[in-house]
>>> print(open('coords-v4.csv').read())   # CSV, C-alpha atoms
chain,number,residue,atom,x,y,z
A,1,MET,CA,30.2,-170.0,177.0
A,2,ALA,CA,30.9,-170.9,173.4
A,3,ASP,CA,34.6,-171.5,174.3
A,4,ILE,CA,33.6,-173.8,177.1
A,5,ALA,CA,31.4,-175.8,174.8
A,6,VAL,CA,34.2,-176.1,172.3
A,7,HIS,CA,36.7,-177.2,174.9
A,8,ASP,CA,34.3,-179.8,176.3
A,9,ALA,CA,33.9,-181.2,172.7
A,10,HIS,CA,37.7,-181.3,172.4
A,11,ASP,CA,38.1,-183.2,175.6
A,12,ALA,CA,35.3,-185.6,174.7
A,13,HIS,CA,36.9,-186.5,171.4
A,14,GLY,CA,40.5,-186.2,172.3
A,15,HIS,CA,41.4,-185.1,168.8
A,16,ASP,CA,42.8,-182.2,166.9
A,17,ASP,CA,39.7,-181.3,165.0
A,18,HIS,CA,38.2,-178.1,166.3
A,19,GLY,CA,35.0,-177.6,164.5
A,20,HIS,CA,35.5,-174.6,162.4
A,21,ASP,CA,31.8,-173.7,162.8
A,22,ALA,CA,32.4,-173.3,166.5
A,23,HIS,CA,35.1,-170.7,165.9
A,24,GLY,CA,33.7,-169.3,162.7
A,25,GLY,CA,30.6,-167.8,164.4
A,26,HIS,CA,28.3,-170.4,165.9
A,27,THR,CA,28.8,-173.4,168.2
A,28,THR,CA,27.6,-176.9,167.2
A,29,SER,CA,26.5,-179.5,169.7
A,30,THR,CA,29.4,-181.8,168.7
A,31,GLY,CA,32.0,-179.1,168.5
A,32,LEU,CA,32.7,-180.2,165.0
A,33,SER,CA,31.7,-178.5,161.7
A,34,ASN,CA,28.3,-179.6,160.6
A,35,ASN,CA,29.2,-179.0,157.0
A,36,LYS,CA,32.2,-181.3,157.2
A,37,LEU,CA,30.1,-183.9,159.0
A,38,ALA,CA,27.5,-183.7,156.2
A,39,MET,CA,30.2,-184.0,153.6
A,40,TRP,CA,31.6,-187.2,155.2
A,41,LEU,CA,28.0,-188.6,155.4
A,42,PHE,CA,27.5,-187.8,151.7
A,43,LEU,CA,30.8,-189.5,150.8
A,44,GLY,CA,29.7,-192.6,152.8
A,45,SER,CA,26.5,-192.7,150.8
A,46,GLU,CA,28.6,-192.3,147.6
A,47,CYS,CA,30.3,-195.6,148.5
A,48,LEU,CA,27.0,-197.3,148.1
A,49,LEU,CA,26.4,-195.7,144.7
A,50,PHE,CA,29.8,-196.7,143.3
A,51,GLY,CA,29.7,-200.1,145.1
A,52,GLY,CA,26.5,-200.9,143.1
A,53,LEU,CA,28.0,-199.8,139.8
A,54,ILE,CA,31.3,-201.6,140.4
A,55,SER,CA,29.7,-204.9,141.5
A,56,THR,CA,27.3,-204.7,138.5
A,57,TYR,CA,30.3,-204.3,136.2
A,58,MET,CA,32.1,-207.3,137.9
A,59,LEU,CA,29.0,-209.4,137.3
A,60,TYR,CA,28.7,-208.5,133.6
A,61,ARG,CA,32.3,-208.1,132.5
A,62,GLY,CA,32.3,-211.5,130.9
A,63,ARG,CA,29.0,-210.9,129.0
A,64,HIS,CA,30.4,-209.5,125.8
A,65,GLU,CA,28.7,-211.6,123.1
A,66,GLY,CA,28.5,-209.8,119.8
A,67,GLY,CA,31.1,-207.2,120.8
A,68,PRO,CA,34.7,-206.8,121.9
A,69,GLY,CA,35.6,-207.9,125.5
A,70,PRO,CA,37.8,-206.2,128.1
A,71,SER,CA,41.1,-207.9,127.1
A,72,GLN,CA,40.6,-206.9,123.4
A,73,ILE,CA,39.7,-203.3,124.0
A,74,PHE,CA,41.4,-201.9,127.1
A,75,ASP,CA,44.6,-199.8,126.7
A,76,VAL,CA,46.2,-200.3,130.1
A,77,PRO,CA,49.3,-198.1,129.5
A,78,LEU,CA,47.0,-195.1,128.5
A,79,THR,CA,44.7,-195.7,131.5
A,80,SER,CA,47.8,-195.9,133.8
A,81,VAL,CA,48.9,-192.5,132.7
A,82,SER,CA,45.3,-191.1,133.4
A,83,SER,CA,45.4,-192.8,136.8
A,84,PHE,CA,48.8,-191.2,137.5
A,85,ILE,CA,47.4,-187.8,136.5
A,86,LEU,CA,44.4,-188.1,138.8
A,87,LEU,CA,46.6,-189.3,141.6
A,88,MET,CA,48.9,-186.3,141.3
A,89,SER,CA,45.8,-184.1,141.3
A,90,SER,CA,45.1,-185.4,144.8
A,91,LEU,CA,48.6,-184.1,145.8
A,92,THR,CA,47.9,-180.7,144.3
A,93,MET,CA,44.5,-180.6,146.0
A,94,VAL,CA,46.0,-181.3,149.4
A,95,LEU,CA,48.6,-178.6,148.8
A,96,ALA,CA,45.7,-176.2,148.1
A,97,VAL,CA,44.1,-177.2,151.3
A,98,ASN,CA,47.3,-176.6,153.2
A,99,SER,CA,47.8,-173.2,151.6
A,100,ALA,CA,44.2,-172.3,152.5
A,101,LYS,CA,44.9,-173.2,156.1
A,102,ARG,CA,47.9,-171.0,156.1
A,103,LYS,CA,45.7,-168.2,154.7
A,104,ASP,CA,47.9,-168.1,151.6
A,105,ASP,CA,45.3,-167.1,148.9
A,106,ARG,CA,47.8,-166.9,146.0
A,107,ASN,CA,49.1,-170.5,146.4
A,108,THR,CA,45.6,-171.8,147.2
A,109,ASN,CA,44.4,-170.5,143.9
A,110,LEU,CA,47.5,-171.8,142.1
A,111,TRP,CA,47.1,-175.3,143.4
A,112,LEU,CA,43.3,-175.3,142.8
A,113,VAL,CA,43.9,-174.3,139.1
A,114,VAL,CA,46.6,-177.0,138.7
A,115,THR,CA,44.2,-179.6,140.2
A,116,ALA,CA,41.4,-178.5,137.8
A,117,LEU,CA,43.8,-178.8,134.9
A,118,LEU,CA,44.9,-182.3,135.9
A,119,GLY,CA,41.2,-183.2,136.4
A,120,SER,CA,40.4,-181.9,132.9
A,121,LEU,CA,43.3,-183.9,131.4
A,122,PHE,CA,41.9,-187.0,133.1
A,123,VAL,CA,38.4,-186.3,131.6
A,124,GLY,CA,40.0,-185.6,128.2
A,125,GLY,CA,41.7,-189.0,128.4
A,126,GLN,CA,38.4,-190.6,129.2
A,127,VAL,CA,36.6,-189.0,126.3
A,128,TYR,CA,39.5,-190.2,124.0
A,129,GLU,CA,39.1,-193.7,125.5
A,130,PHE,CA,35.3,-193.8,125.0
A,131,THR,CA,35.7,-192.5,121.4
A,132,SER,CA,38.2,-195.1,120.5
A,133,PHE,CA,36.2,-197.9,122.1
A,134,TYR,CA,33.1,-196.8,120.2
A,135,HIS,CA,35.1,-196.9,116.9
A,136,GLU,CA,36.3,-200.4,117.8
A,137,GLY,CA,32.7,-201.6,118.1
A,138,LEU,CA,31.8,-201.2,121.7
A,139,GLY,CA,28.6,-199.1,122.0
A,140,PHE,CA,26.5,-198.5,125.1
A,141,THR,CA,24.0,-201.2,124.0
A,142,THR,CA,26.5,-203.6,122.3
A,143,SER,CA,26.7,-206.0,125.2
A,144,LEU,CA,26.1,-206.1,129.0
A,145,PHE,CA,29.8,-205.6,129.4
A,146,GLY,CA,29.6,-202.3,127.3
A,147,SER,CA,26.6,-201.0,129.2
A,148,SER,CA,28.0,-201.7,132.7
A,149,PHE,CA,31.5,-200.4,131.7
A,150,TYR,CA,30.2,-197.1,130.2
A,151,THR,CA,27.8,-196.6,133.1
A,152,LEU,CA,30.5,-197.1,135.8
A,153,THR,CA,33.3,-195.1,134.1
A,154,GLY,CA,30.8,-192.5,132.8
A,155,PHE,CA,29.4,-191.9,136.3
A,156,HIS,CA,32.9,-191.5,137.6
A,157,GLY,CA,33.8,-189.1,134.7
A,158,VAL,CA,30.7,-187.0,135.5
A,159,HIS,CA,31.9,-186.8,139.2
A,160,VAL,CA,35.4,-185.6,138.0
A,161,THR,CA,33.8,-183.0,135.7
A,162,LEU,CA,31.6,-181.7,138.5
A,163,GLY,CA,34.7,-181.6,140.7
A,164,VAL,CA,36.6,-179.5,138.0
A,165,ILE,CA,33.6,-177.1,137.8
A,166,MET,CA,33.6,-176.8,141.6
A,167,LEU,CA,37.3,-176.1,141.7
A,168,LEU,CA,37.1,-173.4,139.1
A,169,SER,CA,34.1,-171.9,140.7
A,170,LEU,CA,36.0,-171.9,144.0
A,171,VAL,CA,38.9,-170.0,142.4
A,172,GLY,CA,36.4,-167.4,141.1
A,173,ILE,CA,34.7,-167.1,144.5
A,174,ILE,CA,38.0,-166.7,146.4
A,175,ASN,CA,39.2,-164.1,143.9
A,176,ARG,CA,36.0,-162.1,144.4
A,177,ASP,CA,36.3,-162.6,148.2
A,178,ARG,CA,32.7,-163.9,148.3
A,179,ILE,CA,33.3,-166.5,151.0
A,180,THR,CA,31.6,-165.3,154.2
A,181,GLY,CA,32.6,-168.2,156.5
A,182,ASP,CA,35.8,-170.1,157.0
A,183,LYS,CA,37.6,-170.1,153.7
A,184,ALA,CA,39.9,-173.0,154.6
A,185,GLU,CA,37.0,-175.2,155.4
A,186,VAL,CA,35.3,-174.5,152.1
A,187,VAL,CA,38.6,-175.5,150.3
A,188,GLU,CA,38.9,-178.6,152.5
A,189,MET,CA,35.3,-179.6,151.7
A,190,ILE,CA,35.9,-179.5,147.9
A,191,GLY,CA,39.2,-181.3,148.6
A,192,LEU,CA,37.3,-184.1,150.4
A,193,TYR,CA,35.1,-184.6,147.3
A,194,TRP,CA,38.1,-184.5,145.0
A,195,HIS,CA,40.0,-187.1,147.0
A,196,PHE,CA,37.0,-189.3,147.1
A,197,VAL,CA,36.7,-189.2,143.3
A,198,ASP,CA,40.4,-190.2,143.2
A,199,VAL,CA,39.9,-193.0,145.7
A,200,VAL,CA,37.0,-194.4,143.6
A,201,TRP,CA,39.3,-194.4,140.6
A,202,VAL,CA,41.9,-196.3,142.6
A,203,VAL,CA,39.3,-199.1,143.0
A,204,ILE,CA,38.0,-198.9,139.4
A,205,PHE,CA,41.5,-198.9,137.9
A,206,THR,CA,42.4,-202.1,139.8
A,207,LEU,CA,39.1,-204.0,139.5
A,208,VAL,CA,38.1,-203.0,136.0
A,209,TYR,CA,41.4,-202.5,134.1
A,210,LEU,CA,44.1,-204.5,135.9
A,211,ILE,CA,42.6,-207.7,137.3
A,212,PRO,CA,42.5,-210.2,134.5
A,213,SER,CA,38.9,-211.3,133.7
B,1,MET,CA,57.7,-194.6,155.6
B,2,THR,CA,58.1,-195.4,159.3
B,3,ALA,CA,55.7,-194.1,161.9
B,4,THR,CA,58.6,-192.2,163.5
B,5,SER,CA,59.5,-190.3,160.4
B,6,GLU,CA,55.8,-189.6,159.7
B,7,HIS,CA,55.5,-188.2,163.3
B,8,ALA,CA,58.7,-186.2,162.8
B,9,ASP,CA,57.3,-184.6,159.6
B,10,VAL,CA,54.1,-183.6,161.5
B,11,GLU,CA,56.1,-182.4,164.4
B,12,HIS,CA,58.5,-180.4,162.2
B,13,ALA,CA,55.5,-178.6,160.7
B,14,HIS,CA,54.2,-178.0,164.1
B,15,ASP,CA,57.5,-176.6,165.4
B,16,ALA,CA,58.2,-174.4,162.4
B,17,HIS,CA,54.6,-173.0,162.4
B,18,ALA,CA,54.8,-173.3,158.7
B,19,SER,CA,51.8,-175.6,158.5
B,20,HIS,CA,50.0,-174.5,161.6
B,21,GLY,CA,46.4,-173.7,160.8
B,22,HIS,CA,43.7,-171.9,162.8
B,23,ASP,CA,42.8,-173.3,166.2
B,24,GLY,CA,46.2,-174.8,166.7
B,25,GLU,CA,45.2,-177.7,164.4
B,26,HIS,CA,48.0,-180.1,163.5
B,27,ILE,CA,48.5,-179.9,159.8
B,28,PRO,CA,51.2,-182.1,158.2
B,29,SER,CA,53.7,-180.2,156.1
B,30,ASP,CA,53.7,-180.0,152.3
B,31,VAL,CA,56.9,-182.2,152.3
B,32,TYR,CA,55.0,-184.9,154.1
B,33,PHE,CA,52.2,-185.0,151.5
B,34,ILE,CA,54.8,-185.0,148.7
B,35,LYS,CA,56.4,-188.1,150.3
B,36,VAL,CA,53.0,-189.8,150.5
B,37,ALA,CA,52.3,-189.0,146.8
B,38,ILE,CA,55.7,-190.5,145.8
B,39,VAL,CA,54.8,-193.7,147.7
B,40,LEU,CA,51.4,-193.7,145.9
B,41,ALA,CA,53.1,-193.2,142.6
B,42,ILE,CA,55.5,-196.1,143.2
B,43,VAL,CA,52.6,-198.4,144.2
B,44,THR,CA,50.7,-197.3,141.0
B,45,GLY,CA,53.8,-198.2,139.0
B,46,LEU,CA,53.9,-201.6,140.6
B,47,GLU,CA,50.2,-202.2,139.9
B,48,THR,CA,50.7,-201.3,136.3
B,49,SER,CA,53.7,-203.6,136.0
B,50,THR,CA,51.4,-206.6,136.7
B,51,TYR,CA,49.9,-206.0,133.2
B,52,TRP,CA,53.1,-207.3,131.6
B,53,TRP,CA,53.5,-210.3,134.0
B,54,PRO,CA,53.3,-213.7,132.2
B,55,HIS,CA,50.0,-215.6,132.3
B,56,SER,CA,51.5,-218.1,134.7
B,57,MET,CA,51.7,-215.4,137.3
B,58,HIS,CA,48.0,-214.2,137.1
B,59,ALA,CA,47.1,-216.2,140.2
B,60,VAL,CA,49.6,-214.1,142.2
B,61,ALA,CA,48.7,-210.9,140.4
B,62,THR,CA,45.1,-210.7,141.6
B,63,PRO,CA,45.8,-210.8,145.4
B,64,ALA,CA,48.8,-208.5,144.9
B,65,LEU,CA,46.6,-206.0,143.1
B,66,LEU,CA,43.9,-206.2,145.7
B,67,ILE,CA,46.5,-205.6,148.5
B,68,MET,CA,48.1,-202.6,146.6
B,69,MET,CA,44.6,-201.2,145.9
B,70,THR,CA,43.7,-201.4,149.6
B,71,ILE,CA,47.0,-199.7,150.6
B,72,LYS,CA,46.4,-196.8,148.2
B,73,PHE,CA,42.8,-196.5,149.2
B,74,PHE,CA,43.6,-196.1,152.9
B,75,MET,CA,46.7,-193.9,152.3
B,76,ILE,CA,44.4,-191.4,150.5
B,77,VAL,CA,41.6,-191.6,152.9
B,78,LEU,CA,43.7,-191.5,156.1
B,79,ILE,CA,46.3,-188.9,155.0
B,80,PHE,CA,45.1,-186.8,152.1
B,81,MET,CA,41.5,-186.7,153.4
B,82,HIS,CA,42.9,-186.1,156.9
B,83,LEU,CA,40.7,-188.8,158.5
B,84,LYS,CA,43.7,-189.9,160.6
B,85,PHE,CA,44.0,-186.5,162.1
B,86,ASP,CA,40.3,-185.7,162.4
B,87,SER,CA,37.5,-186.6,164.7
B,88,LYS,CA,36.4,-190.2,165.1
B,89,LEU,CA,32.9,-189.1,164.2
B,90,PHE,CA,33.9,-188.3,160.6
B,91,SER,CA,35.6,-191.8,160.4
B,92,PHE,CA,32.3,-193.3,161.7
B,93,MET,CA,30.3,-191.5,159.0
B,94,PHE,CA,32.5,-192.7,156.2
B,95,TYR,CA,33.3,-196.2,157.4
B,96,THR,CA,29.6,-196.9,158.0
B,97,GLY,CA,28.8,-196.2,154.4
B,98,LEU,CA,31.9,-198.0,153.2
B,99,GLY,CA,31.3,-201.1,155.4
B,100,LEU,CA,27.6,-201.2,154.4
B,101,ALA,CA,28.6,-201.0,150.7
B,102,VAL,CA,31.1,-203.8,150.9
B,103,PHE,CA,28.7,-206.0,152.9
B,104,VAL,CA,25.7,-205.4,150.6
B,105,TYR,CA,27.6,-205.9,147.4
B,106,LEU,CA,29.5,-208.9,148.6
B,107,VAL,CA,26.1,-210.5,149.4
B,108,PHE,CA,24.9,-209.4,145.9
B,109,LEU,CA,27.9,-211.0,144.2
B,110,PHE,CA,27.6,-214.2,146.2
B,111,THR,CA,23.9,-214.4,145.4
B,112,PHE,CA,24.7,-214.2,141.7
B,113,GLN,CA,27.4,-216.8,142.2
B,114,PHE,CA,30.1,-214.4,140.9
B,115,PHE,CA,32.9,-216.1,142.9
B,116,ARG,CA,32.1,-219.5,141.3
B,117,GLY,CA,33.4,-218.1,138.0
>>> encode(input="coords-v4.csv", output="structure tokens")
Amino acid sequence: MADIAVHDAHDAHGHDDHGHDAHGGHTTSTGLSNNKLAMWLFLGSECLLFGGLISTYMLYRGRHEGGPGPSQIFDVPLTSVSSFILLMSSLTMVLAVNSAKRKDDRNTNLWLVVTALLGSLFVGGQVYEFTSFYHEGLGFTTSLFGSSFYTLTGFHGVHVTLGVIMLLSLVGIINRDRITGDKAEVVEMIGLYWHFVDVVWVVIFTLVYLIPS
Amino acid sequence: MTATSEHADVEHAHDAHASHGHDGEHIPSDVYFIKVAIVLAIVTGLETSTYWWPHSMHAVATPALLIMMTIKFFMIVLIFMHLKFDSKLFSFMFYTGLGLAVFVYLVFLFTFQFFRG
């Protein structure tokens, strides 16, 4: 019966997604994984959060009376290296997801750890950047530019930090064999979050750092 | 990367069973993802190079950067996040949020006369 429901869902969607929930123990009405559906809905809502922060920054980036402005303070070569690191962490994440789908725990753990390391490097770069900006006279309350810049990039940095914590927790959970459901789906779920964090940085890097104000 | 070579990579993985997940799900090979990452790295390099363009070229740099940003955004969402290979319902969930965000904040920026400089 469950198989029929799943096949019906496949036919209705005409796609390759097979709803891990359906095969992992219980059937869903869509034939798709409810967890994955919820994650995509969450990521859609995150677009609204970051959209608000980015547009607020765009509106206030010229308001830097009494403090340094974007062109005086940004170190684009350094941020480019950080961006490249985060971009490569998306590759290692996708390799972890692929390894998990092949049920290759050793490589899954390896790529998850590499992704966490690259994410930590990115956060380290951001801490360095914030520290140097502060020493150059840009505090959180120095100007509207400073407030909106730190809020936007700080929120993103917190997301990356949470992602690193999730990645390392996942490695621990996999090693202790504590995942009761579909392991590949859990890795894929963390992967979706991680790629989203990367995609937000793609937008921030261009709109905040590269487009001349 | 052409659509044919992209298809070939996916098919190769399918044939070799090297990247064949549970439920017979089509999973692109690791090599395919590495190729995508190389393209993304090249685009990032091009984006960064605009920083050293002369001031006279700033009018060209902004649209070029926006186009490259959009290419990178959709390459990550469609390929790395598997939206291209997954159910349309996941795409609907994400694009609804994205579309709403773009619409709401464009209205916000127009309201505050951002595009008038």
>>> residues_around(input="coords-v4.csv", residues="A:Val76", least_positions_apart="4", cutoff="9 Å", atoms="only C-alpha atoms", output="MDAnalysis selection string")
(chainID A and resid 80:81 209:210) or (chainID B and resid 48 51)
>>> closest_residue(input="coords-v4.csv", among="A:Phe140, A:Phe149, A:Trp194, A:Tyr128", to="chain B", atoms="only C-alpha atoms")
A:Trp194
>>> atom_distance(input="coords-v4.csv", atom1="atom CA of B:Leu109", atom2="atom CA of A:Phe42")
24.4 Å
>>> atom_distance(input="coords-v4.csv", atom1="atom CA of B:Asp30", atom2="atom CA of A:Asp105")
15.8 Å
>>> residues_near_point(input="coords-v4.csv", point="(40.3, -193.9, 126.2)", cutoff="12 Å", atoms="all atoms listed in the file", output="PyMOL selection string")
chain A and resi 73-83+121-136+150+153-154+157+209
>>> closest_residue(input="coords-v4.csv", among="B:Leu89, B:Ile34, B:Val107, B:Val39", to="B:Lys72", atoms="only C-alpha atoms")
B:Val39
>>> interface_residues(input="coords-v4.csv", of="chain B", to="chain A", cutoff="7 Å", atoms="only C-alpha atoms", output="number ranges by chain")
B: 19-23, 25-26, 30, 33-34, 37, 41, 48, 51, 62, 65, 69, 73, 76, 80-81, 85-87, 90, 93-98, 101, 105, 109, 114
>>> atom_distance(input="coords-v4.csv", atom1="atom CA of A:Glu185", atom2="atom CA of A:Asn35")
8.8 Å
